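Peer 1: Supplied in structure tokens, the structure appears directly below.
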Amino acid sequence: MEFDNDTYILIEDYITAKLSETDRKAFELRLQSDEQLKKEVDIHLTLKHAVTEQGWHSSIDYQKNHQEIKELSAYRRSDEFTAIQNKLQKVSSQYFDNTTPSRHKKRNYYLISAVAILLILVSIQFLPTSSNSLYNDYNDWKNLPSLTTQSDTEKLLSQGEQYFLNQEYELAIPIFSEYIQKQQQSNQSLHPYVLSYLGAAYTESGNYTKALATFKLLQNENAIDASRKYWYTAMVYLKQGDKEKAKQELQFLIKDQEHFNYQKAKELLELLD
Amino acid sequence: MQSEDPFIKALLQGDEIVIEEIYNRFFTKTLRFVLQNKGTHDEAKDIFQEALLAIIVAVQKRNLNINSFEAYLMTVSKNMWRRELEKKKKRVIKDGSATLIDNDNDFALFILEQEQMQLYREMFHKLSDNCKEVLSLFFNNVSYESIVRELGYANINTARQRIFKCKSKLIKLIKSDIRFK
């Protein structure tokens, strides 16, 4: 179907958003009742997204293609397809579980959701491709095990954790650092999770020197998780925007599959390259 | 229809080792695209899996023939994420056109939309280099003035006519293809 020149100009102005609010509304009203015109506009919109490879336009008429849609969704629900889907799901969980420390899955839901919300709020402030956004995507402070299940004598620690969750780092830091200092004075081995919280709090509050020094203690402790030190240190450098130094730390992690966040480190290295 | 591609075969047969290889080799690419376009790691995870499922459906039910698994997987993930972003946008502005539709049907719709997008791209590549260039500028909202300067047209009117011709030709190609809906 051919349209007159004015209509083509109108379509062009519509898809390039050059129409005034009133004109646009009038045009959209016309589209509702003029099927031919609607189809033409659909084509132009799809064309725009196809050529620019940006955005998307859903040009398929649900009613007209009802039969094909029905067949495809029936296949999606079929046993054959469900079996494939389950298999894929299985491999996917295996793959992604290796990228997160599985031993620490059991943490309380409050912690997960609270930190998730905080991370979303924080991540809004950053632009996508910066190392800061990679920091936001990859820092896994939310995976730190909760300290709330500890005995009464360590109530203070759970208080510290709450402060950390509330982003009140200036309150959380003294609690964690005093705890570590006491352990140091009595020559006890240092609590690796408390060290992690302390380092995370320093990192989040921008005190990078202290964050690095704290994470370094993780390594000295000879803990099973000594390799965590490299991951966390990489996070500090990433937040600072020092991609090169972050890469050096990650390079160490990918030397051994047993290392903390081995898979994630590989992934992140590729993104940093 | 049986595919010769080893990755497709593995997906259809549920070969876990090769499927894991798919994750190992290609996930980062999808991840990178999603992260660079306002997405998160979790969203990339979902998109990657749905894209693999979409490929299975296309091969099984739409007679899709794939030359390069990697390239096709990337195209599908990108398209899926572009579509997802558009849906998010509509949800934000509470656009009435974002109708409620169940997941299975929406997935089916995506398959059909994706086919159309492919068709449009294919026909676009059949155009002359000059047409491709001028249409790229035009659809990327470059002003007529800049197009005149960039491509050395006599004046705005010539550029306008050229764009109109190229666009008409492209639409004609698309409409005359049997896959056009």
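Each chain of the structure tokens is named A, B, ... in the order shown, its residues numbered from 1; ligands are numbered from 1 in display order.
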Using only C-alpha atoms and a cut-off of 7 Å, which residues of chain A sit close to chain B? Please list them as a PyMOL selection string.

Peer 2: chain A and resi 16+47-48+50-52+54-56+58-60+69+72-73+76+84+87+91+128-129+137+267+271

Peer 1: Would you list the contacts of A:Val194 as a compact mmCIF listing (two decimals) with N, CA and C atoms, in the first residue's frame, taking every protein, DNA or RNA residue within 8 Å and counting only C-alpha atoms, but skipping same-chain residues closer than 4 positions in sequence?

Peer 2:
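Full text of around27.txt as output:
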# COMPACT_ATOMS: atom_id res chain seq x y z
N PHE A 176 34.76 -3.83 64.47
CA PHE A 176 35.58 -4.90 63.87
C PHE A 176 37.06 -4.71 64.18
N ILE A 180 39.66 -7.26 66.20
CA ILE A 180 40.90 -7.78 65.63
C ILE A 180 42.11 -7.41 66.49
N LEU A 198 35.78 -6.05 57.99
CA LEU A 198 36.53 -4.82 58.25
C LEU A 198 37.09 -4.25 56.93

Peer 1: Please identify the helix (DSSP H, G or I) residues within stretch 26-250 of chain A (assignment by DSSP from backbone atoms) and present them as a PyMOL selection string.

Peer 2: chain A and resi 26-33+35-52+66-77+79-97+102-104+109-123+131-138+141-143+152-165+169-185+192-204+208-220+228-240+243-250

Peer 1: To one decimal in Å, tell me the separation between atom CA of A:Gln248 and atom CA of A:Tyr197.

Peer 2: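 Computed distance, atom CA of A:Gln248 to atom CA of A:Tyr197, equals 22.8 Å.
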